[in-house]
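Everything below belongs to entry_13.cif, which stores mmCIF, C-alpha atoms.
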data_coords
#
loop_
_atom_site.group_PDB
_atom_site.id
_atom_site.type_symbol
_atom_site.label_atom_id
_atom_site.label_comp_id
_atom_site.auth_asym_id
_atom_site.auth_seq_id
_atom_site.Cartn_x
_atom_site.Cartn_y
_atom_site.Cartn_z
ATOM 1 C CA MET A 158 -3.545 4.986 6.153
ATOM 2 C CA ARG A 159 -2.229 5.771 9.635
ATOM 3 C CA LEU A 160 -4.371 5.543 12.757
ATOM 4 C CA LEU A 161 -3.923 6.377 16.435
ATOM 5 C CA ILE A 162 -5.487 4.279 19.200
ATOM 6 C CA ILE A 163 -5.769 5.932 22.629
ATOM 7 C CA GLU A 164 -6.900 3.144 24.954
ATOM 8 C CA ASP A 165 -5.645 2.187 28.416
ATOM 9 C CA ASP A 166 -7.117 -1.336 28.368
ATOM 10 C CA LEU A 167 -4.202 -3.210 26.810
ATOM 11 C CA GLU A 168 -6.313 -6.248 25.917
ATOM 12 C CA ILE A 169 -8.780 -4.124 23.937
ATOM 13 C CA ALA A 170 -5.973 -2.080 22.400
ATOM 14 C CA SER A 171 -4.124 -5.214 21.295
ATOM 15 C CA PHE A 172 -7.319 -6.622 19.757
ATOM 16 C CA ILE A 173 -7.920 -3.437 17.749
ATOM 17 C CA ILE A 174 -4.295 -2.992 16.694
ATOM 18 C CA LYS A 175 -3.955 -6.579 15.508
ATOM 19 C CA GLY A 176 -7.114 -6.349 13.430
ATOM 20 C CA LEU A 177 -6.260 -2.988 11.865
ATOM 21 C CA LYS A 178 -2.720 -4.057 10.982
ATOM 22 C CA GLN A 179 -4.100 -7.161 9.286
ATOM 23 C CA GLU A 180 -6.232 -4.787 7.198
ATOM 24 C CA GLY A 181 -3.112 -2.898 6.120
ATOM 25 C CA PHE A 182 -3.282 0.140 8.430
ATOM 26 C CA ALA A 183 -0.288 1.629 10.217
ATOM 27 C CA VAL A 184 -1.264 1.915 13.890
ATOM 28 C CA ASP A 185 0.221 3.855 16.811
ATOM 29 C CA HIS A 186 -0.949 3.354 20.387
ATOM 30 C CA ALA A 187 -1.045 5.531 23.498
ATOM 31 C CA ALA A 188 -2.123 4.133 26.874
ATOM 32 C CA ASP A 189 -2.953 7.454 28.543
ATOM 33 C CA GLY A 190 -4.528 10.731 27.528
ATOM 34 C CA GLU A 191 -1.449 12.942 27.809
ATOM 35 C CA GLU A 192 0.642 10.715 25.537
ATOM 36 C CA GLY A 193 -2.277 10.399 23.139
ATOM 37 C CA LEU A 194 -2.772 14.155 22.896
ATOM 38 C CA HIS A 195 0.953 14.677 22.290
ATOM 39 C CA LEU A 196 0.956 12.140 19.447
ATOM 40 C CA ILE A 197 -2.159 13.409 17.721
ATOM 41 C CA LEU A 198 -0.835 16.988 17.827
ATOM 42 C CA THR A 199 2.545 16.064 16.346
ATOM 43 C CA VAL A 200 1.873 13.191 13.914
ATOM 44 C CA PRO A 201 -0.458 13.379 10.875
ATOM 45 C CA TYR A 202 -3.139 10.713 11.381
ATOM 46 C CA ASP A 203 -5.939 9.781 9.014
ATOM 47 C CA ALA A 204 -8.189 9.023 12.008
ATOM 48 C CA ALA A 205 -8.081 8.409 15.765
ATOM 49 C CA ILE A 206 -9.920 5.928 17.981
ATOM 50 C CA ILE A 207 -10.219 7.377 21.485
ATOM 51 C CA ASP A 208 -11.555 5.816 24.685
ATOM 52 C CA ILE A 209 -13.379 8.181 27.047
ATOM 53 C CA MET A 210 -12.088 6.885 30.402
ATOM 54 C CA LEU A 211 -8.289 7.366 30.315
ATOM 55 C CA PRO A 212 -5.527 8.025 32.868
ATOM 56 C CA LYS A 213 -4.067 11.560 33.101
ATOM 57 C CA LEU A 214 -6.461 13.119 30.560
ATOM 58 C CA ASP A 215 -9.896 11.835 29.572
ATOM 59 C CA GLY A 216 -10.933 11.235 25.977
ATOM 60 C CA LEU A 217 -13.470 14.047 25.746
ATOM 61 C CA SER A 218 -10.846 16.542 26.944
ATOM 62 C CA ILE A 219 -8.489 15.303 24.212
ATOM 63 C CA ILE A 220 -11.156 15.804 21.563
ATOM 64 C CA GLU A 221 -12.135 19.219 22.911
ATOM 65 C CA ASN A 222 -8.475 20.270 22.897
ATOM 66 C CA LEU A 223 -8.089 19.111 19.299
ATOM 67 C CA ARG A 224 -11.121 21.009 18.058
ATOM 68 C CA GLN A 225 -10.107 24.186 19.903
ATOM 69 C CA ARG A 226 -6.770 24.015 18.057
ATOM 70 C CA ARG A 227 -8.682 23.468 14.778
ATOM 71 C CA PHE A 228 -7.371 19.946 14.234
ATOM 72 C CA ASN A 229 -9.884 18.129 12.024
ATOM 73 C CA THR A 230 -8.609 14.573 12.545
ATOM 74 C CA PRO A 231 -11.665 12.254 12.383
ATOM 75 C CA VAL A 232 -12.368 10.718 15.804
ATOM 76 C CA LEU A 233 -14.222 7.521 16.672
ATOM 77 C CA ILE A 234 -15.122 7.512 20.383
ATOM 78 C CA LEU A 235 -15.014 4.219 22.287
ATOM 79 C CA SER A 236 -16.956 3.935 25.526
ATOM 80 C CA ALA A 237 -18.703 1.518 27.839
ATOM 81 C CA LYS A 238 -21.306 4.277 28.390
ATOM 82 C CA HIS A 239 -24.259 3.584 26.146
ATOM 83 C CA SER A 240 -26.948 6.128 27.063
ATOM 84 C CA VAL A 241 -28.200 8.593 24.460
ATOM 85 C CA ASP A 242 -26.972 11.496 26.609
ATOM 86 C CA ASP A 243 -23.435 10.051 26.645
ATOM 87 C CA ARG A 244 -23.423 9.695 22.859
ATOM 88 C CA VAL A 245 -24.770 13.207 22.341
ATOM 89 C CA ARG A 246 -22.147 14.664 24.681
ATOM 90 C CA GLY A 247 -19.375 12.844 22.814
ATOM 91 C CA ILE A 248 -20.511 14.242 19.465
ATOM 92 C CA GLN A 249 -21.008 17.740 20.936
ATOM 93 C CA LYS A 250 -17.405 17.728 22.176
ATOM 94 C CA GLY A 251 -16.205 17.109 18.621
ATOM 95 C CA GLY A 252 -16.319 13.341 18.139
ATOM 96 C CA ASP A 253 -17.359 12.157 14.681
ATOM 97 C CA ASP A 254 -18.786 8.761 15.654
ATOM 98 C CA TYR A 255 -19.463 6.764 18.822
ATOM 99 C CA LEU A 256 -19.024 3.014 19.337
ATOM 100 C CA VAL A 257 -20.170 1.266 22.500
ATOM 101 C CA LYS A 258 -18.120 -1.511 24.129
ATOM 102 C CA PRO A 259 -18.211 -4.431 23.613
ATOM 103 C CA PHE A 260 -18.133 -4.228 19.836
ATOM 104 C CA ALA A 261 -17.380 -6.397 16.818
ATOM 105 C CA PHE A 262 -14.150 -5.563 15.023
ATOM 106 C CA SER A 263 -15.971 -5.626 11.676
ATOM 107 C CA GLU A 264 -18.201 -2.756 12.843
ATOM 108 C CA LEU A 265 -15.231 -0.735 14.096
ATOM 109 C CA LEU A 266 -13.465 -1.235 10.757
ATOM 110 C CA VAL A 267 -16.464 -0.094 8.711
ATOM 111 C CA ARG A 268 -16.918 2.998 10.892
ATOM 112 C CA VAL A 269 -13.224 3.952 10.624
ATOM 113 C CA GLN A 270 -13.280 3.529 6.845
ATOM 114 C CA ALA A 271 -16.400 5.706 6.645
ATOM 115 C CA LEU A 272 -14.770 8.437 8.754
ATOM 116 C CA ILE A 273 -11.711 8.478 6.502
ATOM 117 C CA ARG A 274 -13.838 8.644 3.352
ATOM 118 C CA ARG A 275 -15.890 11.523 4.741
ATOM 119 C CA SER A 276 -12.819 13.483 5.850
ATOM 120 C CA SER A 277 -11.249 13.148 2.400
ATOM 121 C CA GLY A 278 -14.344 14.693 0.827
ATOM 122 C CA SER A 279 -15.498 11.437 -0.755
ATOM 123 C CA ALA A 280 -18.224 10.294 1.628
ATOM 124 C CA GLU A 281 -20.159 8.463 -1.053
ATOM 125 C CA ALA A 282 -17.157 7.045 -2.873
ATOM 126 C CA SER A 283 -16.495 3.363 -2.312
ATOM 127 C CA SER A 284 -13.945 2.997 -5.097
ATOM 128 C CA ILE A 285 -10.985 4.751 -6.703
ATOM 129 C CA THR A 286 -10.252 4.573 -10.420
ATOM 130 C CA VAL A 287 -7.193 5.872 -12.258
ATOM 131 C CA GLY A 288 -7.022 4.948 -15.922
ATOM 132 C CA ASP A 289 -7.809 1.242 -16.257
ATOM 133 C CA LEU A 290 -6.835 0.552 -12.618
ATOM 134 C CA SER A 291 -9.693 0.401 -10.114
ATOM 135 C CA MET A 292 -9.933 -0.347 -6.392
ATOM 136 C CA ASP A 293 -13.108 -1.222 -4.478
ATOM 137 C CA LEU A 294 -12.512 0.079 -0.942
ATOM 138 C CA LEU A 295 -15.332 -1.931 0.632
ATOM 139 C CA LYS A 296 -14.816 -5.292 -1.072
ATOM 140 C CA ARG A 297 -11.038 -4.681 -1.208
ATOM 141 C CA ASP A 298 -10.926 -5.821 -4.833
ATOM 142 C CA VAL A 299 -8.431 -4.463 -7.365
ATOM 143 C CA TYR A 300 -8.755 -4.757 -11.157
ATOM 144 C CA ARG A 301 -6.672 -3.548 -14.070
ATOM 145 C CA ALA A 302 -8.241 -3.657 -17.528
ATOM 146 C CA GLY A 303 -10.852 -6.037 -16.103
ATOM 147 C CA LYS A 304 -8.224 -8.442 -14.715
ATOM 148 C CA ARG A 305 -8.343 -9.089 -10.975
ATOM 149 C CA ILE A 306 -5.147 -8.375 -9.032
ATOM 150 C CA ASP A 307 -4.712 -10.154 -5.692
ATOM 151 C CA LEU A 308 -2.924 -8.010 -3.114
ATOM 152 C CA LEU A 309 -1.729 -8.621 0.417
ATOM 153 C CA PRO A 310 -2.974 -6.102 3.028
ATOM 154 C CA ARG A 311 0.216 -4.011 3.017
ATOM 155 C CA GLU A 312 0.265 -3.996 -0.803
ATOM 156 C CA PHE A 313 -3.370 -2.879 -0.831
ATOM 157 C CA ALA A 314 -2.586 -0.058 1.617
ATOM 158 C CA MET A 315 0.371 1.087 -0.481
ATOM 159 C CA LEU A 316 -1.615 1.043 -3.725
ATOM 160 C CA GLU A 317 -4.527 2.888 -2.097
ATOM 161 C CA TYR A 318 -2.135 5.618 -0.948
ATOM 162 C CA LEU A 319 -0.644 5.928 -4.443
ATOM 163 C CA LEU A 320 -4.092 5.992 -6.055
ATOM 164 C CA ARG A 321 -5.344 8.694 -3.690
ATOM 165 C CA ASN A 322 -2.285 10.754 -4.663
ATOM 166 C CA ALA A 323 -2.216 9.923 -8.380
ATOM 167 C CA ASP A 324 0.224 12.081 -10.407
ATOM 168 C CA ARG A 325 1.804 13.341 -7.192
ATOM 169 C CA THR A 326 5.312 12.288 -6.142
ATOM 170 C CA ILE A 327 5.261 10.506 -2.773
ATOM 171 C CA SER A 328 8.510 10.312 -0.800
ATOM 172 C CA LYS A 329 9.658 7.201 1.057
ATOM 173 C CA ILE A 330 9.225 9.039 4.354
ATOM 174 C CA MET A 331 5.617 9.896 3.487
ATOM 175 C CA ILE A 332 4.961 6.256 2.590
ATOM 176 C CA ILE A 333 6.511 5.019 5.840
ATOM 177 C CA GLU A 334 4.438 7.520 7.865
ATOM 178 C CA HIS A 335 1.203 6.230 6.317
ATOM 179 C CA ILE A 336 1.924 2.507 5.957
ATOM 180 C CA TRP A 337 4.000 1.754 9.088
ATOM 181 C CA ASP A 338 3.939 3.010 12.669
ATOM 182 C CA PHE A 339 6.217 5.594 14.272
ATOM 183 C CA HIS A 340 8.534 2.914 15.744
ATOM 184 C CA PHE A 341 9.524 1.852 12.236
ATOM 185 C CA ASP A 342 13.147 2.197 11.092
ATOM 186 C CA PRO A 343 13.211 4.516 8.039
ATOM 187 C CA GLN A 344 16.655 3.212 7.025
ATOM 188 C CA THR A 345 15.350 -0.153 5.844
ATOM 189 C CA ASN A 346 14.555 -0.941 2.197
ATOM 190 C CA VAL A 347 11.034 -2.265 2.772
ATOM 191 C CA VAL A 348 9.460 0.543 0.726
ATOM 192 C CA ASP A 349 11.525 -0.452 -2.318
ATOM 193 C CA VAL A 350 10.654 -4.119 -1.770
ATOM 194 C CA LEU A 351 6.939 -3.331 -1.479
ATOM 195 C CA ILE A 352 7.004 -1.137 -4.606
ATOM 196 C CA HIS A 353 8.767 -3.943 -6.489
ATOM 197 C CA ARG A 354 6.048 -6.404 -5.475
ATOM 198 C CA LEU A 355 3.331 -3.967 -6.512
ATOM 199 C CA ARG A 356 4.932 -3.399 -9.909
ATOM 200 C CA ASN A 357 5.028 -7.152 -10.501
ATOM 201 C CA LYS A 358 1.289 -7.307 -9.892
ATOM 202 C CA VAL A 359 0.048 -3.996 -11.307
ATOM 203 C CA ASP A 360 2.418 -3.277 -14.214
ATOM 204 C CA LYS A 361 4.275 -6.426 -15.238
ATOM 205 C CA ASN A 362 1.741 -7.802 -17.735
ATOM 206 C CA PHE A 363 0.664 -4.444 -19.153
ATOM 207 C CA PRO A 364 2.422 -2.410 -21.861
ATOM 208 C CA GLU A 365 1.797 0.933 -20.131
ATOM 209 C CA LYS A 366 3.452 1.234 -16.726
ATOM 210 C CA MET A 367 1.713 3.236 -13.989
ATOM 211 C CA ILE A 368 4.106 3.068 -11.001
ATOM 212 C CA HIS A 369 7.240 5.139 -11.612
ATOM 213 C CA THR A 370 10.369 6.013 -9.628
ATOM 214 C CA VAL A 371 11.206 9.696 -9.316
ATOM 215 C CA ARG A 372 14.953 9.583 -8.747
ATOM 216 C CA GLY A 373 15.937 11.125 -5.419
ATOM 217 C CA ALA A 374 12.333 12.018 -4.582
ATOM 218 C CA GLY A 375 10.169 8.889 -4.296
ATOM 219 C CA TYR A 376 7.418 7.275 -6.355
ATOM 220 C CA VAL A 377 4.407 8.339 -8.387
ATOM 221 C CA LEU A 378 1.406 6.540 -9.854
ATOM 222 C CA LYS A 379 0.838 8.248 -13.192
ATOM 223 C CA THR A 380 -2.467 8.521 -14.987
ATOM 224 C CA PRO A 381 -2.062 6.854 -18.405
ATOM 225 C CA ASP A 382 -2.088 9.242 -21.383
#
Give the structure from this file in structure tokens form.
Amino acid sequence: MRLLIIEDDLEIASFIIKGLKQEGFAVDHAADGEEGLHLILTVPYDAAIIDIMLPKLDGLSIIENLRQRRFNTPVLILSAKHSVDDRVRGIQKGGDDYLVKPFAFSELLVRVQALIRRSSGSAEASSITVGDLSMDLLKRDVYRAGKRIDLLPREFAMLEYLLRNADRTISKIMIIEHIWDFHFDPQTNVVDVLIHRLRNKVDKNFPEKMIHTVRGAGYVLKTPD
């Protein structure tokens, strides 16, 4: 999952980015509204976290611009303004949720996860199951045939992306765009290394393999026959 943070307070931005990356998200950051609007219009994000008070272009103007262009990227508004009128105005402009500063990272994380689930059309779903492989998105537990599989955050993010796109070939570029940020070097072999680690955990001890290489195209998680 790839997120955009538009926040001019570098201390707050760093706090959010660090926490989200530890949870396995790819995170891009813009420190002013103009840069943020450019990024969100040109890069496919699963969700955006946008502060209201920003240099060059305020957060509500960014959101209004997005909705006028029919961009449906889920938006969590951050603001020090906590009145009901401020929250209502944020939602009326096209925000999907509103979080008042200061906030706990755990609350921000839950709200972002909820936005992503709703936007994917699975608002009530808290798990993904393909064959005998299941993932609990809230508890972050993974099981295959009843056996628990322990994954690192980046491995979890990769497997979640494959599960959400089961039986669909995913290119290395698509994986990089969703698992790493836009500063990442696409020439490295980290995707292959991460896939290898996942195979060792998800497929190694099972007769039927689920993660397959599509030569010259990428990878696919196949539903068992």
* To do: Please provide the set of residues having any atom within 7 Å of stretch 364-376 of chain A, restricted to only C-alpha atoms, with same-chain residues fewer than 4 positions apart removed, written as a list in words.
  => Thr326, Ile327, Ser328, Lys329, Arg356, Asp360, Thr380 and Pro381 of chain A
Where does stretch 288-360 of chain A meet stretch 159-181 of chain A within 6 Å, residue by residue, with the nearest atom pair and distance in Å to one decimal for each, counting all atoms listed in the file, listed by chain and rising number, as JSON lines?
{"residue": "A:Pro310", "atom": "CA", "partner": "A:Gly181", "partner_atom": "CA", "distance": 4.5}
{"residue": "A:Arg311", "atom": "CA", "partner": "A:Gly181", "partner_atom": "CA", "distance": 4.7}
{"residue": "A:Ala314", "atom": "CA", "partner": "A:Gly181", "partner_atom": "CA", "distance": 5.3}
{"residue": "A:His335", "atom": "CA", "partner": "A:Arg159", "partner_atom": "CA", "distance": 4.8}
* Structure fact -> Computed gap from atom CA of A:Asp254 to atom CA of A:Val232 is 6.7 Å
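The space separating atom CA of A:Leu320 from atom CA of A:Leu355 comes to 12.4 Å.
Among the candidates A:Leu211, A:Ile352, A:Ala205, A:Leu294, the one nearest to A:Gly190 when counting all atoms listed in the file is A:Leu211.
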* Structure fact -> In Å and to one decimal, atom CA of A:Met292 is distant from atom CA of A:Glu317 by 7.6 Å
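Distances from A:Met158, A:Ser218, A:Val267, A:Phe262 to A:Gly247 were compared using all atoms listed in the file, and the smallest one belongs to A:Ser218.
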* **Contact residues around A:Gly303 with only C-alpha atoms at 9 Å, ignoring same-chain residues under 3 positions, as a ChimeraX atom specification** => /A:289-291,300
